[in-house]
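Structure file query.pdb (PDB, N, CA and C atoms, pLDDT in the B column) follows.
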ATOM      1  N   MET T   1      13.028 -12.086  -0.882  1.00 70.00           N
ATOM      2  CA  MET T   1      13.680 -13.119  -0.113  1.00 70.00           C
ATOM      3  C   MET T   1      13.433 -12.919   1.386  1.00 70.00           C
ATOM      4  N   PHE T   2      13.503 -11.666   1.824  1.00 71.00           N
ATOM      5  CA  PHE T   2      13.271 -11.381   3.238  1.00 71.00           C
ATOM      6  C   PHE T   2      11.853 -11.740   3.643  1.00 71.00           C
ATOM      7  N   VAL T   3      10.906 -11.443   2.774  1.00 78.00           N
ATOM      8  CA  VAL T   3       9.506 -11.745   3.065  1.00 78.00           C
ATOM      9  C   VAL T   3       9.315 -13.250   3.223  1.00 78.00           C
ATOM     10  N   ARG T   4       9.967 -14.031   2.366  1.00 83.00           N
ATOM     11  CA  ARG T   4       9.867 -15.491   2.489  1.00 83.00           C
ATOM     12  C   ARG T   4      10.486 -15.975   3.779  1.00 83.00           C
ATOM     13  N   LEU T   5      11.612 -15.379   4.194  1.00 76.00           N
ATOM     14  CA  LEU T   5      12.253 -15.749   5.454  1.00 76.00           C
ATOM     15  C   LEU T   5      11.294 -15.557   6.615  1.00 76.00           C
ATOM     16  N   VAL T   6      10.673 -14.394   6.664  1.00 76.00           N
ATOM     17  CA  VAL T   6       9.735 -14.104   7.754  1.00 76.00           C
ATOM     18  C   VAL T   6       8.524 -15.022   7.677  1.00 76.00           C
ATOM     19  N   LYS T   7       8.007 -15.240   6.476  1.00 79.00           N
ATOM     20  CA  LYS T   7       6.827 -16.090   6.285  1.00 79.00           C
ATOM     21  C   LYS T   7       7.064 -17.507   6.806  1.00 79.00           C
ATOM     22  N   TYR T   8       8.176 -18.107   6.402  1.00 79.00           N
ATOM     23  CA  TYR T   8       8.455 -19.475   6.828  1.00 79.00           C
ATOM     24  C   TYR T   8       8.890 -19.555   8.281  1.00 79.00           C
ATOM     25  N   ALA T   9       9.539 -18.524   8.765  1.00 76.00           N
ATOM     26  CA  ALA T   9       9.929 -18.507  10.175  1.00 76.00           C
ATOM     27  C   ALA T   9       8.701 -18.431  11.072  1.00 76.00           C
ATOM     28  N   LEU T  10       7.728 -17.637  10.679  1.00 75.00           N
ATOM     29  CA  LEU T  10       6.499 -17.548  11.470  1.00 75.00           C
ATOM     30  C   LEU T  10       5.742 -18.871  11.462  1.00 75.00           C
ATOM     31  N   LYS T  11       5.767 -19.558  10.334  1.00 76.00           N
ATOM     32  CA  LYS T  11       5.141 -20.886  10.294  1.00 76.00           C
ATOM     33  C   LYS T  11       5.862 -21.845  11.233  1.00 76.00           C
ATOM     34  N   ALA T  12       7.180 -21.744  11.294  1.00 73.00           N
ATOM     35  CA  ALA T  12       7.952 -22.615  12.173  1.00 73.00           C
ATOM     36  C   ALA T  12       7.651 -22.325  13.641  1.00 73.00           C
ATOM     37  N   LEU T  13       7.332 -21.085  13.957  1.00 70.00           N
ATOM     38  CA  LEU T  13       7.010 -20.730  15.342  1.00 70.00           C
ATOM     39  C   LEU T  13       5.678 -21.316  15.794  1.00 70.00           C
ATOM     40  N   ASP T  14       4.843 -21.745  14.857  1.00 68.00           N
ATOM     41  CA  ASP T  14       3.561 -22.356  15.207  1.00 68.00           C
ATOM     42  C   ASP T  14       3.733 -23.596  16.069  1.00 68.00           C
ATOM     43  N   ILE T  15       4.890 -24.218  16.008  1.00 66.00           N
ATOM     44  CA  ILE T  15       5.098 -25.440  16.782  1.00 66.00           C
ATOM     45  C   ILE T  15       4.927 -25.194  18.273  1.00 66.00           C
ATOM     46  N   TYR T  16       5.110 -23.950  18.705  1.00 63.00           N
ATOM     47  CA  TYR T  16       4.970 -23.649  20.122  1.00 63.00           C
ATOM     48  C   TYR T  16       3.526 -23.439  20.549  1.00 63.00           C
ATOM     49  N   THR T  17       2.595 -23.430  19.613  1.00 65.00           N
ATOM     50  CA  THR T  17       1.184 -23.337  19.972  1.00 65.00           C
ATOM     51  C   THR T  17       0.495 -24.688  19.876  1.00 65.00           C
ATOM     52  N   ILE T  18       1.220 -25.695  19.389  1.00 69.00           N
ATOM     53  CA  ILE T  18       0.649 -27.034  19.250  1.00 69.00           C
ATOM     54  C   ILE T  18       1.213 -27.919  20.356  1.00 69.00           C
ATOM     55  N   THR T  19       0.352 -28.611  21.049  1.00 69.00           N
ATOM     56  CA  THR T  19       0.786 -29.513  22.117  1.00 69.00           C
ATOM     57  C   THR T  19       0.256 -30.921  21.842  1.00 69.00           C
ATOM     58  N   VAL T  20       0.906 -31.886  22.443  1.00 70.00           N
ATOM     59  CA  VAL T  20       0.467 -33.278  22.339  1.00 70.00           C
ATOM     60  C   VAL T  20       0.035 -33.711  23.731  1.00 70.00           C
ATOM     61  N   ASN T  21      -1.221 -34.165  23.847  1.00 71.00           N
ATOM     62  CA  ASN T  21      -1.702 -34.589  25.163  1.00 71.00           C
ATOM     63  C   ASN T  21      -1.254 -36.021  25.455  1.00 71.00           C
ATOM     64  N   THR T  22      -1.614 -36.533  26.602  1.00 76.00           N
ATOM     65  CA  THR T  22      -1.153 -37.853  27.041  1.00 76.00           C
ATOM     66  C   THR T  22      -1.645 -38.984  26.150  1.00 76.00           C
ATOM     67  N   SER T  23      -2.754 -38.783  25.454  1.00 81.00           N
ATOM     68  CA  SER T  23      -3.267 -39.833  24.570  1.00 81.00           C
ATOM     69  C   SER T  23      -2.625 -39.788  23.185  1.00 81.00           C
ATOM     70  N   GLY T  24      -1.726 -38.805  22.955  1.00 76.00           N
ATOM     71  CA  GLY T  24      -1.036 -38.713  21.679  1.00 76.00           C
ATOM     72  C   GLY T  24      -1.710 -37.826  20.657  1.00 76.00           C
ATOM     73  N   GLN T  25      -2.833 -37.219  21.030  1.00 77.00           N
ATOM     74  CA  GLN T  25      -3.533 -36.335  20.108  1.00 77.00           C
ATOM     75  C   GLN T  25      -2.919 -34.940  20.168  1.00 77.00           C
ATOM     76  N   THR T  26      -2.873 -34.286  19.014  1.00 72.00           N
ATOM     77  CA  THR T  26      -2.360 -32.919  18.973  1.00 72.00           C
ATOM     78  C   THR T  26      -3.511 -31.938  19.098  1.00 72.00           C
ATOM     79  N   CYS T  27      -3.249 -30.824  19.749  1.00 71.00           N
ATOM     80  CA  CYS T  27      -4.262 -29.782  19.878  1.00 71.00           C
ATOM     81  C   CYS T  27      -3.550 -28.439  20.004  1.00 71.00           C
ATOM     82  N   VAL T  28      -4.273 -27.385  19.662  1.00 68.00           N
ATOM     83  CA  VAL T  28      -3.748 -26.022  19.773  1.00 68.00           C
ATOM     84  C   VAL T  28      -4.022 -25.534  21.180  1.00 68.00           C
ATOM     85  N   ARG T  29      -2.994 -24.910  21.791  1.00 63.00           N
ATOM     86  CA  ARG T  29      -3.173 -24.396  23.150  1.00 63.00           C
ATOM     87  C   ARG T  29      -4.226 -23.304  23.174  1.00 63.00           C
ATOM     88  N   PRO T  30      -5.046 -23.269  24.221  1.00 63.00           N
ATOM     89  CA  PRO T  30      -6.036 -22.191  24.345  1.00 63.00           C
ATOM     90  C   PRO T  30      -5.338 -20.833  24.453  1.00 63.00           C
ATOM     91  N   ALA T  31      -6.035 -19.783  24.048  1.00 57.00           N
ATOM     92  CA  ALA T  31      -5.449 -18.436  24.043  1.00 57.00           C
ATOM     93  C   ALA T  31      -4.976 -18.017  25.432  1.00 57.00           C
ATOM     94  N   ALA T  32      -5.710 -18.397  26.473  1.00 56.00           N
ATOM     95  CA  ALA T  32      -5.327 -18.011  27.835  1.00 56.00           C
ATOM     96  C   ALA T  32      -3.982 -18.626  28.209  1.00 56.00           C
ATOM     97  N   VAL T  33      -3.727 -19.845  27.776  1.00 57.00           N
ATOM     98  CA  VAL T  33      -2.461 -20.520  28.086  1.00 57.00           C
ATOM     99  C   VAL T  33      -1.366 -20.048  27.136  1.00 57.00           C
ATOM    100  N   ALA T  34      -1.731 -19.709  25.916  1.00 54.00           N
ATOM    101  CA  ALA T  34      -0.746 -19.302  24.913  1.00 54.00           C
ATOM    102  C   ALA T  34      -0.051 -17.994  25.270  1.00 54.00           C
ATOM    103  N   THR T  35      -0.640 -17.201  26.159  1.00 60.00           N
ATOM    104  CA  THR T  35      -0.001 -15.943  26.542  1.00 60.00           C
ATOM    105  C   THR T  35       1.158 -16.165  27.494  1.00 60.00           C
ATOM    106  N   VAL T  36       1.213 -17.309  28.156  1.00 63.00           N
ATOM    107  CA  VAL T  36       2.304 -17.624  29.069  1.00 63.00           C
ATOM    108  C   VAL T  36       3.381 -18.352  28.273  1.00 63.00           C
ATOM    109  N   LYS T  37       4.567 -17.763  28.220  1.00 67.00           N
ATOM    110  CA  LYS T  37       5.665 -18.322  27.424  1.00 67.00           C
ATOM    111  C   LYS T  37       6.627 -19.109  28.314  1.00 67.00           C
ATOM    112  N   THR T  38       7.116 -20.219  27.798  1.00 74.00           N
ATOM    113  CA  THR T  38       8.135 -20.976  28.496  1.00 74.00           C
ATOM    114  C   THR T  38       9.497 -20.370  28.194  1.00 74.00           C
ATOM    115  N   LYS T  39      10.505 -20.787  28.930  1.00 80.00           N
ATOM    116  CA  LYS T  39      11.858 -20.282  28.710  1.00 80.00           C
ATOM    117  C   LYS T  39      12.326 -20.604  27.290  1.00 80.00           C
ATOM    118  N   GLU T  40      12.026 -21.811  26.825  1.00 76.00           N
ATOM    119  CA  GLU T  40      12.431 -22.217  25.475  1.00 76.00           C
ATOM    120  C   GLU T  40      11.761 -21.351  24.418  1.00 76.00           C
ATOM    121  N   GLU T  41      10.479 -21.063  24.612  1.00 75.00           N
ATOM    122  CA  GLU T  41       9.763 -20.208  23.663  1.00 75.00           C
ATOM    123  C   GLU T  41      10.378 -18.818  23.617  1.00 75.00           C
ATOM    124  N   LYS T  42      10.719 -18.282  24.776  1.00 80.00           N
ATOM    125  CA  LYS T  42      11.320 -16.951  24.827  1.00 80.00           C
ATOM    126  C   LYS T  42      12.661 -16.940  24.108  1.00 80.00           C
ATOM    127  N   GLU T  43      13.463 -17.978  24.291  1.00 83.00           N
ATOM    128  CA  GLU T  43      14.758 -18.056  23.619  1.00 83.00           C
ATOM    129  C   GLU T  43      14.583 -18.122  22.102  1.00 83.00           C
ATOM    130  N   VAL T  44      13.630 -18.908  21.644  1.00 79.00           N
ATOM    131  CA  VAL T  44      13.381 -19.020  20.203  1.00 79.00           C
ATOM    132  C   VAL T  44      12.934 -17.680  19.633  1.00 79.00           C
ATOM    133  N   LEU T  45      12.044 -16.986  20.342  1.00 79.00           N
ATOM    134  CA  LEU T  45      11.584 -15.681  19.873  1.00 79.00           C
ATOM    135  C   LEU T  45      12.728 -14.671  19.847  1.00 79.00           C
ATOM    136  N   GLU T  46      13.639 -14.733  20.819  1.00 86.00           N
ATOM    137  CA  GLU T  46      14.797 -13.841  20.824  1.00 86.00           C
ATOM    138  C   GLU T  46      15.710 -14.128  19.632  1.00 86.00           C
ATOM    139  N   HIS T  47      15.936 -15.399  19.340  1.00 83.00           N
ATOM    140  CA  HIS T  47      16.758 -15.760  18.180  1.00 83.00           C
ATOM    141  C   HIS T  47      16.093 -15.310  16.883  1.00 83.00           C
ATOM    142  N   PHE T  48      14.790 -15.508  16.799  1.00 82.00           N
ATOM    143  CA  PHE T  48      14.038 -15.083  15.617  1.00 82.00           C
ATOM    144  C   PHE T  48      14.165 -13.573  15.429  1.00 82.00           C
ATOM    145  N   ALA T  49      14.013 -12.819  16.506  1.00 85.00           N
ATOM    146  CA  ALA T  49      14.140 -11.357  16.432  1.00 85.00           C
ATOM    147  C   ALA T  49      15.546 -10.967  15.979  1.00 85.00           C
ATOM    148  N   GLY T  50      16.558 -11.686  16.442  1.00 86.00           N
ATOM    149  CA  GLY T  50      17.931 -11.404  16.031  1.00 86.00           C
ATOM    150  C   GLY T  50      18.144 -11.644  14.549  1.00 86.00           C
ATOM    151  N   VAL T  51      17.613 -12.733  14.045  1.00 82.00           N
ATOM    152  CA  VAL T  51      17.756 -13.049  12.619  1.00 82.00           C
ATOM    153  C   VAL T  51      17.052 -12.000  11.773  1.00 82.00           C
ATOM    154  N   VAL T  52      15.845 -11.636  12.158  1.00 81.00           N
ATOM    155  CA  VAL T  52      15.095 -10.630  11.403  1.00 81.00           C
ATOM    156  C   VAL T  52      15.821  -9.289  11.445  1.00 81.00           C
ATOM    157  N   SER T  53      16.334  -8.909  12.602  1.00 85.00           N
ATOM    158  CA  SER T  53      17.065  -7.643  12.725  1.00 85.00           C
ATOM    159  C   SER T  53      18.305  -7.631  11.845  1.00 85.00           C
ATOM    160  N   GLN T  54      19.056  -8.722  11.856  1.00 85.00           N
ATOM    161  CA  GLN T  54      20.265  -8.798  11.032  1.00 85.00           C
ATOM    162  C   GLN T  54      19.921  -8.757   9.549  1.00 85.00           C
ATOM    163  N   ALA T  55      18.846  -9.412   9.170  1.00 81.00           N
ATOM    164  CA  ALA T  55      18.428  -9.398   7.765  1.00 81.00           C
ATOM    165  C   ALA T  55      18.036  -7.987   7.344  1.00 81.00           C
ATOM    166  N   LEU T  56      17.349  -7.259   8.214  1.00 83.00           N
ATOM    167  CA  LEU T  56      16.970  -5.882   7.891  1.00 83.00           C
ATOM    168  C   LEU T  56      18.200  -4.996   7.744  1.00 83.00           C
ATOM    169  N   VAL T  57      19.159  -5.134   8.641  1.00 86.00           N
ATOM    170  CA  VAL T  57      20.389  -4.346   8.550  1.00 86.00           C
ATOM    171  C   VAL T  57      21.117  -4.667   7.250  1.00 86.00           C
ATOM    172  N   PHE T  58      21.170  -5.934   6.890  1.00 85.00           N
ATOM    173  CA  PHE T  58      21.816  -6.343   5.653  1.00 85.00           C
ATOM    174  C   PHE T  58      21.128  -5.718   4.444  1.00 85.00           C
ATOM    175  N   LEU T  59      19.796  -5.757   4.425  1.00 82.00           N
ATOM    176  CA  LEU T  59      19.048  -5.168   3.314  1.00 82.00           C
ATOM    177  C   LEU T  59      19.268  -3.664   3.215  1.00 82.00           C
ATOM    178  N   ILE T  60      19.293  -2.988   4.348  1.00 86.00           N
ATOM    179  CA  ILE T  60      19.543  -1.548   4.350  1.00 86.00           C
ATOM    180  C   ILE T  60      20.952  -1.260   3.838  1.00 86.00           C
ATOM    181  N   PHE T  61      21.914  -2.046   4.274  1.00 87.00           N
ATOM    182  CA  PHE T  61      23.303  -1.872   3.856  1.00 87.00           C
ATOM    183  C   PHE T  61      23.433  -2.072   2.340  1.00 87.00           C
ATOM    184  N   ILE T  62      22.824  -3.124   1.827  1.00 86.00           N
ATOM    185  CA  ILE T  62      22.900  -3.423   0.384  1.00 86.00           C
ATOM    186  C   ILE T  62      22.231  -2.311  -0.425  1.00 86.00           C
ATOM    187  N   SER T  63      21.051  -1.851   0.019  1.00 86.00           N
ATOM    188  CA  SER T  63      20.363  -0.804  -0.729  1.00 86.00           C
ATOM    189  C   SER T  63      21.148   0.508  -0.673  1.00 86.00           C
ATOM    190  N   ALA T  64      21.838   0.804   0.422  1.00 88.00           N
ATOM    191  CA  ALA T  64      22.650   2.013   0.518  1.00 88.00           C
ATOM    192  C   ALA T  64      23.849   1.936  -0.415  1.00 88.00           C
ATOM    193  N   MET T  65      24.391   0.744  -0.604  1.00 87.00           N
ATOM    194  CA  MET T  65      25.535   0.587  -1.503  1.00 87.00           C
ATOM    195  C   MET T  65      25.138   0.790  -2.960  1.00 87.00           C
ATOM    196  N   HIS T  66      23.892   0.480  -3.299  1.00 82.00           N
ATOM    197  CA  HIS T  66      23.428   0.598  -4.676  1.00 82.00           C
ATOM    198  C   HIS T  66      22.987   2.010  -5.038  1.00 82.00           C
ATOM    199  N   ASN T  67      22.853   2.865  -4.044  1.00 70.00           N
ATOM    200  CA  ASN T  67      22.403   4.252  -4.309  1.00 70.00           C
ATOM    201  C   ASN T  67      23.569   5.170  -4.497  1.00 70.00           C
TER     202      ASN T  67
END

Taking this structure as input, can you express it in the form of structure tokens?
Amino acid sequence: MFVRLVKYALKALDIYTITVNTSGQTCVRPAAVATVKTKEEKEVLEHFAGVVSQALVFLIFISAMHN
């Protein structure tokens, strides 16, 4: 279940590498531009890290209870 959470969450993060230009066409940001993060991107990555961290703690807690 945790692996699926991470898998789908990473797919959802792809939205920050896709941009829409003025003509309405979608394109992937170049690597040079993709290294610069916006405030919104940083907030999303922080939330993602929090969810993953909490899920790991939960899994460790559950496995410790079963041992």

### Query
Quick one: distance from atom CA of T:Thr38 to atom CA of T:Leu13 in Å, one decimal?
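One can read the atom CA of T:Thr38 to atom CA of T:Leu13 distance as 13.2 Å.
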
### Query
Expressed in Å to a single decimal, how great is the separation between atom CA of T:Leu45 and atom CA of T:Phe2?
17.3 Å

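Atom pair atom C of T:Ala64 / atom CA of T:Phe48 has a distance of 25.4 Å (rounded to one decimal).
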
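For the choices T:Val52, T:His66, T:Glu43, T:Val20, the atom-to-atom distance to T:Leu5 is smallest for T:Val52 when using only N, CA and C atoms.
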